[in-house]
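In what follows, a structure is listed as structure tokens, so that the remarks can point back to it.
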Amino acid sequence: MRSTVISQGVKITTRCEACGGVLILDTGQSIERGRLPWGTEGACQSCTVAWCEQDFGDATPEAIRQALLAEYGPARLRLTAPEASAVPVLRALREVHGLSLAQARVLADELKTTGVVGTFVEMELVAARLRHHSVGVTVETSSS
């Protein structure tokens with residue numbers, strides 16, 4: 001079975017708080033082994049300020065999410081057959097997000113109507129879990 005890596009990243013130029021120089025941030029999300037790792041690296045071009053931060057899970061820092069959304073636009077996840085059985089949809093949503101049944105029902109209703117919106121990587125992670133449960137979905141981006 002071939003594994004496809006899905007990732008999105010963006011470089012941001014900002015001001016270094018330590019020296020006022022140019023700080024370059026490299027930030028993004030990816031899907032690895034069914035998880036959603038995120039990371040950010042920063043390095044000042046004028047002083048020794050530098051760092052790297054990485055983690056995974058549902059809680060990508062909002063600054064990273066907003067940078068990706070600003071660069072690429074939102075992605076929308078929709079069911080291709082809104083009349084699909086609720087059981088596999090709810091199971092998949094609960095697995096990927098650790099939701100209660102009530103929370104999963106709210107998200108499932110969104111999938112059936114307006115679709116769920118997030119970063120492309122976030123939506124592809126949920127789509128993969130739904131497809132694993134034989135639920136037809138599509139991920140739409142502003143470029144598609």
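Order determines the names: the first chain of the structure tokens is A, the second B, and so forth; residues in each chain are numbered 1 upward, and ligands are numbered 1 upward as they are shown.
Residues in contact range of range 109-117 of chain A, defined as at most 7 Å between only C-alpha atoms, with sequence neighbours fewer than 3 positions away removed, read Pro74, Ala75, Arg76, Leu77, Arg78, Leu79, Pro82, Arg105 and Val106 of chain A.
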- Task: Determine which residues of range 23-143 of chain A receive a DSSP assignment of strand (DSSP E), computed from the backbone, and state them as a PyMOL selection string.
- Result: chain A and resi 23-31+37-44+50-56+75-79+116-118+137-141
- Please provide as an MDAnalysis selection string all residues within 8 Å of Gly73 in chain A, with the sequence filter that same-chain residues fewer than 6 positions apart are discarded (counting only C-alpha atoms). chainID A and resid 119 141:142
C-alpha atoms of the current selection, written as a short mmCIF file (atom, residue, chain, number, x, y, z; two decimals), in the first residue's frame:
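The new file selection-v6.cif reads:
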data_model
loop_
_atom_site.label_atom_id
_atom_site.label_comp_id
_atom_site.auth_asym_id
_atom_site.auth_seq_id
_atom_site.Cartn_x
_atom_site.Cartn_y
_atom_site.Cartn_z
CA THR A 119 -7.23 23.92 6.46
CA THR A 141 -10.48 24.21 -2.18
CA SER A 142 -10.71 27.71 -3.61
#
Determine, counting only C-alpha atoms, which protein, DNA and RNA residues have an atom within 8 Å of an atom of Leu36 in chain A; residues of the same chain fewer than 3 positions away are not included. Present the result as a PDB file with all heavy atoms, in the first residue's frame.
ATOM      1  N   GLN A  29       1.428  22.256   8.529  1.00  0.00           N
ATOM      2  CA  GLN A  29       0.761  21.041   9.007  1.00  0.00           C
ATOM      3  C   GLN A  29       1.016  19.932   8.000  1.00  0.00           C
ATOM      4  O   GLN A  29       1.248  20.199   6.820  1.00  0.00           O
ATOM      5  CB  GLN A  29      -0.763  21.216   9.071  1.00  0.00           C
ATOM      6  CG  GLN A  29      -1.307  22.142  10.073  1.00  0.00           C
ATOM      7  CD  GLN A  29      -2.833  22.257   9.932  1.00  0.00           C
ATOM      8  OE1 GLN A  29      -3.359  22.396   8.844  1.00  0.00           O
ATOM      9  NE2 GLN A  29      -3.518  22.210  11.057  1.00  0.00           N
ATOM     10  N   SER A  30       0.912  18.677   8.468  1.00  0.00           N
ATOM     11  CA  SER A  30       0.996  17.530   7.566  1.00  0.00           C
ATOM     12  C   SER A  30       0.188  16.379   8.151  1.00  0.00           C
ATOM     13  O   SER A  30      -0.278  16.458   9.291  1.00  0.00           O
ATOM     14  CB  SER A  30       2.456  17.104   7.355  1.00  0.00           C
ATOM     15  OG  SER A  30       3.031  16.707   8.585  1.00  0.00           O
ATOM     16  N   ILE A  31       0.018  15.346   7.360  1.00  0.00           N
ATOM     17  CA  ILE A  31      -0.614  14.123   7.847  1.00  0.00           C
ATOM     18  C   ILE A  31       0.452  13.046   7.840  1.00  0.00           C
ATOM     19  O   ILE A  31       1.076  12.791   6.804  1.00  0.00           O
ATOM     20  CB  ILE A  31      -1.793  13.693   6.956  1.00  0.00           C
ATOM     21  CG1 ILE A  31      -2.878  14.759   6.953  1.00  0.00           C
ATOM     22  CG2 ILE A  31      -2.357  12.349   7.435  1.00  0.00           C
ATOM     23  CD1 ILE A  31      -4.007  14.478   5.980  1.00  0.00           C
ATOM     24  N   GLU A  32       0.682  12.451   8.994  1.00  0.00           N
ATOM     25  CA  GLU A  32       1.645  11.365   9.121  1.00  0.00           C
ATOM     26  C   GLU A  32       1.029  10.265   9.968  1.00  0.00           C
ATOM     27  O   GLU A  32       0.660  10.510  11.123  1.00  0.00           O
ATOM     28  CB  GLU A  32       2.933  11.860   9.787  1.00  0.00           C
ATOM     29  CG  GLU A  32       3.702  12.862   8.950  1.00  0.00           C
ATOM     30  CD  GLU A  32       4.931  13.400   9.664  1.00  0.00           C
ATOM     31  OE1 GLU A  32       5.400  12.753  10.628  1.00  0.00           O
ATOM     32  OE2 GLU A  32       5.396  14.467   9.270  1.00  0.00           O
ATOM     33  N   PHE A  56       1.604  17.319  17.669  1.00  0.00           N
ATOM     34  CA  PHE A  56       0.564  16.743  16.835  1.00  0.00           C
ATOM     35  C   PHE A  56      -0.705  16.647  17.651  1.00  0.00           C
ATOM     36  O   PHE A  56      -0.695  16.777  18.863  1.00  0.00           O
ATOM     37  CB  PHE A  56       0.957  15.371  16.284  1.00  0.00           C
ATOM     38  CG  PHE A  56       1.244  14.365  17.353  1.00  0.00           C
ATOM     39  CD1 PHE A  56       0.228  13.594  17.885  1.00  0.00           C
ATOM     40  CD2 PHE A  56       2.530  14.200  17.828  1.00  0.00           C
ATOM     41  CE1 PHE A  56       0.494  12.677  18.883  1.00  0.00           C
ATOM     42  CE2 PHE A  56       2.803  13.274  18.823  1.00  0.00           C
ATOM     43  CZ  PHE A  56       1.780  12.510  19.348  1.00  0.00           C
ATOM     44  N   GLY A  57      -1.793  16.437  16.943  1.00  0.00           N
ATOM     45  CA  GLY A  57      -3.084  16.311  17.600  1.00  0.00           C
ATOM     46  C   GLY A  57      -4.084  17.282  17.018  1.00  0.00           C
ATOM     47  O   GLY A  57      -3.839  17.935  16.012  1.00  0.00           O
ATOM     48  N   ASP A  58      -5.234  17.367  17.679  1.00  0.00           N
ATOM     49  CA  ASP A  58      -6.296  18.238  17.186  1.00  0.00           C
ATOM     50  C   ASP A  58      -6.006  19.718  17.398  1.00  0.00           C
ATOM     51  O   ASP A  58      -6.630  20.565  16.782  1.00  0.00           O
ATOM     52  CB  ASP A  58      -7.617  17.901  17.892  1.00  0.00           C
ATOM     53  CG  ASP A  58      -8.190  16.572  17.420  1.00  0.00           C
ATOM     54  OD1 ASP A  58      -7.852  16.143  16.305  1.00  0.00           O
ATOM     55  OD2 ASP A  58      -8.978  15.976  18.165  1.00  0.00           O
ATOM     56  N   VAL A 121      -5.161  20.385   5.008  1.00  0.00           N
ATOM     57  CA  VAL A 121      -4.618  19.209   5.685  1.00  0.00           C
ATOM     58  C   VAL A 121      -5.615  18.669   6.704  1.00  0.00           C
ATOM     59  O   VAL A 121      -5.837  17.455   6.792  1.00  0.00           O
ATOM     60  CB  VAL A 121      -3.254  19.531   6.336  1.00  0.00           C
ATOM     61  CG1 VAL A 121      -2.729  18.348   7.133  1.00  0.00           C
ATOM     62  CG2 VAL A 121      -2.239  19.940   5.273  1.00  0.00           C
ATOM     63  N   GLU A 122      -6.247  19.551   7.468  1.00  0.00           N
ATOM     64  CA  GLU A 122      -7.252  19.114   8.450  1.00  0.00           C
ATOM     65  C   GLU A 122      -8.405  18.386   7.763  1.00  0.00           C
ATOM     66  O   GLU A 122      -8.858  17.335   8.225  1.00  0.00           O
ATOM     67  CB  GLU A 122      -7.791  20.318   9.229  1.00  0.00           C
ATOM     68  CG  GLU A 122      -6.785  20.944  10.150  1.00  0.00           C
ATOM     69  CD  GLU A 122      -7.179  22.347  10.630  1.00  0.00           C
ATOM     70  OE1 GLU A 122      -8.116  22.949  10.065  1.00  0.00           O
ATOM     71  OE2 GLU A 122      -6.528  22.818  11.566  1.00  0.00           O
ATOM     72  N   LEU A 125      -7.393  14.928   6.488  1.00  0.00           N
ATOM     73  CA  LEU A 125      -7.289  13.960   7.582  1.00  0.00           C
ATOM     74  C   LEU A 125      -8.660  13.366   7.899  1.00  0.00           C
ATOM     75  O   LEU A 125      -8.816  12.150   8.016  1.00  0.00           O
ATOM     76  CB  LEU A 125      -6.691  14.611   8.831  1.00  0.00           C
ATOM     77  CG  LEU A 125      -6.568  13.702  10.051  1.00  0.00           C
ATOM     78  CD1 LEU A 125      -5.516  12.628   9.812  1.00  0.00           C
ATOM     79  CD2 LEU A 125      -6.226  14.513  11.284  1.00  0.00           C
TER      80      LEU A 125
END
- Item | 12 Å contact set for Val87 in chain A, only C-alpha atoms, chain neighbours under 2 positions out, as a list in words | Glu83, Ala84, Ser85, Val89, Leu90, Arg91, Ala92, Leu93, Arg94, Leu101, Ala104, Arg105, Ala108, Leu130, His133, Ser134 and Val135 of chain A
Based on the selection just made, write N, CA, C and O atoms of those residues as a PDB file, in the first residue's frame.
ATOM      1  N   GLU A  83     -27.279  11.413   1.957  1.00  0.00           N
ATOM      2  CA  GLU A  83     -28.192  10.443   2.565  1.00  0.00           C
ATOM      3  C   GLU A  83     -27.451   9.219   3.116  1.00  0.00           C
ATOM      4  O   GLU A  83     -28.071   8.252   3.545  1.00  0.00           O
ATOM      5  N   ALA A  84     -26.117   9.243   3.123  1.00  0.00           N
ATOM      6  CA  ALA A  84     -25.321   8.118   3.622  1.00  0.00           C
ATOM      7  C   ALA A  84     -25.710   7.780   5.065  1.00  0.00           C
ATOM      8  O   ALA A  84     -26.152   8.638   5.826  1.00  0.00           O
ATOM      9  N   SER A  85     -25.507   6.538   5.421  1.00  0.00           N
ATOM     10  CA  SER A  85     -25.803   6.075   6.775  1.00  0.00           C
ATOM     11  C   SER A  85     -25.026   6.897   7.795  1.00  0.00           C
ATOM     12  O   SER A  85     -23.831   7.162   7.619  1.00  0.00           O
ATOM     13  N   VAL A  89     -20.366   7.567   9.485  1.00  0.00           N
ATOM     14  CA  VAL A  89     -19.973   8.982   9.570  1.00  0.00           C
ATOM     15  C   VAL A  89     -19.674   9.342  11.020  1.00  0.00           C
ATOM     16  O   VAL A  89     -18.625   9.915  11.329  1.00  0.00           O
ATOM     17  N   LEU A  90     -20.576   8.997  11.914  1.00  0.00           N
ATOM     18  CA  LEU A  90     -20.377   9.308  13.335  1.00  0.00           C
ATOM     19  C   LEU A  90     -19.149   8.585  13.889  1.00  0.00           C
ATOM     20  O   LEU A  90     -18.358   9.168  14.638  1.00  0.00           O
ATOM     21  N   ARG A  91     -18.984   7.325  13.506  1.00  0.00           N
ATOM     22  CA  ARG A  91     -17.821   6.563  13.981  1.00  0.00           C
ATOM     23  C   ARG A  91     -16.518   7.232  13.541  1.00  0.00           C
ATOM     24  O   ARG A  91     -15.602   7.409  14.333  1.00  0.00           O
ATOM     25  N   ALA A  92     -16.443   7.603  12.278  1.00  0.00           N
ATOM     26  CA  ALA A  92     -15.230   8.234  11.750  1.00  0.00           C
ATOM     27  C   ALA A  92     -14.950   9.565  12.441  1.00  0.00           C
ATOM     28  O   ALA A  92     -13.809   9.846  12.823  1.00  0.00           O
ATOM     29  N   LEU A  93     -15.971  10.385  12.615  1.00  0.00           N
ATOM     30  CA  LEU A  93     -15.777  11.686  13.259  1.00  0.00           C
ATOM     31  C   LEU A  93     -15.331  11.530  14.704  1.00  0.00           C
ATOM     32  O   LEU A  93     -14.474  12.280  15.183  1.00  0.00           O
ATOM     33  N   ARG A  94     -15.887  10.563  15.390  1.00  0.00           N
ATOM     34  CA  ARG A  94     -15.500  10.325  16.785  1.00  0.00           C
ATOM     35  C   ARG A  94     -14.059   9.826  16.865  1.00  0.00           C
ATOM     36  O   ARG A  94     -13.307  10.209  17.756  1.00  0.00           O
ATOM     37  N   LEU A 101     -20.748  11.670  21.245  1.00  0.00           N
ATOM     38  CA  LEU A 101     -21.744  11.349  20.221  1.00  0.00           C
ATOM     39  C   LEU A 101     -22.527  12.603  19.815  1.00  0.00           C
ATOM     40  O   LEU A 101     -22.768  12.840  18.630  1.00  0.00           O
ATOM     41  N   ALA A 104     -20.352  14.757  17.612  1.00  0.00           N
ATOM     42  CA  ALA A 104     -20.208  14.131  16.297  1.00  0.00           C
ATOM     43  C   ALA A 104     -21.473  14.330  15.463  1.00  0.00           C
ATOM     44  O   ALA A 104     -21.390  14.551  14.250  1.00  0.00           O
ATOM     45  N   ARG A 105     -22.637  14.283  16.102  1.00  0.00           N
ATOM     46  CA  ARG A 105     -23.902  14.497  15.368  1.00  0.00           C
ATOM     47  C   ARG A 105     -23.963  15.915  14.781  1.00  0.00           C
ATOM     48  O   ARG A 105     -24.417  16.103  13.657  1.00  0.00           O
ATOM     49  N   ALA A 108     -21.632  15.955  11.866  1.00  0.00           N
ATOM     50  CA  ALA A 108     -22.214  15.165  10.772  1.00  0.00           C
ATOM     51  C   ALA A 108     -23.300  15.962  10.059  1.00  0.00           C
ATOM     52  O   ALA A 108     -23.394  15.911   8.823  1.00  0.00           O
ATOM     53  N   LEU A 130     -13.068   9.096   6.994  1.00  0.00           N
ATOM     54  CA  LEU A 130     -14.397   8.811   6.452  1.00  0.00           C
ATOM     55  C   LEU A 130     -14.308   7.790   5.309  1.00  0.00           C
ATOM     56  O   LEU A 130     -15.096   6.843   5.249  1.00  0.00           O
ATOM     57  N   HIS A 133     -14.032   4.269   6.326  1.00  0.00           N
ATOM     58  CA  HIS A 133     -15.325   3.700   6.711  1.00  0.00           C
ATOM     59  C   HIS A 133     -16.306   3.665   5.533  1.00  0.00           C
ATOM     60  O   HIS A 133     -17.524   3.603   5.736  1.00  0.00           O
ATOM     61  N   SER A 134     -15.764   3.761   4.312  1.00  0.00           N
ATOM     62  CA  SER A 134     -16.547   3.666   3.071  1.00  0.00           C
ATOM     63  C   SER A 134     -17.582   4.773   2.909  1.00  0.00           C
ATOM     64  O   SER A 134     -18.659   4.565   2.349  1.00  0.00           O
ATOM     65  N   VAL A 135     -17.255   5.946   3.414  1.00  0.00           N
ATOM     66  CA  VAL A 135     -18.123   7.110   3.260  1.00  0.00           C
ATOM     67  C   VAL A 135     -17.539   7.973   2.141  1.00  0.00           C
ATOM     68  O   VAL A 135     -16.367   8.349   2.185  1.00  0.00           O
TER      69      VAL A 135
END
- Item | Separation of CA of Leu99 in chain A from CA of Asp55 in chain A, in Å and rounded to one decimal | 20.1 Å
- Item | Coordinates-based distance that separates CA of Leu68 in chain A from CA of Leu25 in chain A (Å, one decimal) |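 Pair CA of Leu25 in chain A / CA of Leu68 in chain A returns 12.4 Å.
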- Query: What is the CA of Ile24 in chain A to CA of Ser7 in chain A distance in Å?
  - Reply: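 These two atoms are separated by 19.3 Å.
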- Query: Which residues come within 10 Å of Cys52 in chain A, counting only C-alpha atoms, excluding same-chain residues fewer than 4 positions away, as a ChimeraX atom specification?
  - Reply: /A:25-27,39-43
- Tell me which protein, DNA and RNA residues are within 9 Å of Cys16 in chain A, counting only C-alpha atoms, leaving out same-chain ones fewer than 2 positions away, and put them as number ranges by chain. A: 14, 18-24, 43-47, 49
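Proximity of A:Pro61, A:Gly34, A:Pro88, A:Gly28 to Val126 in chain A, computed with only C-alpha atoms, is greatest for A:Gly34.
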- What are the DSSP alpha helix (DSSP H) residues of range 33-89 of chain A, as an MDAnalysis selection string? chainID A and resid 62:72 86:89
- Message: Measuring between only C-alpha atoms, which one of A:Tyr72, A:Val96, A:Glu53, A:Ile64 shows the shortest distance to Arg35 in chain A?
- Response: A:Val96
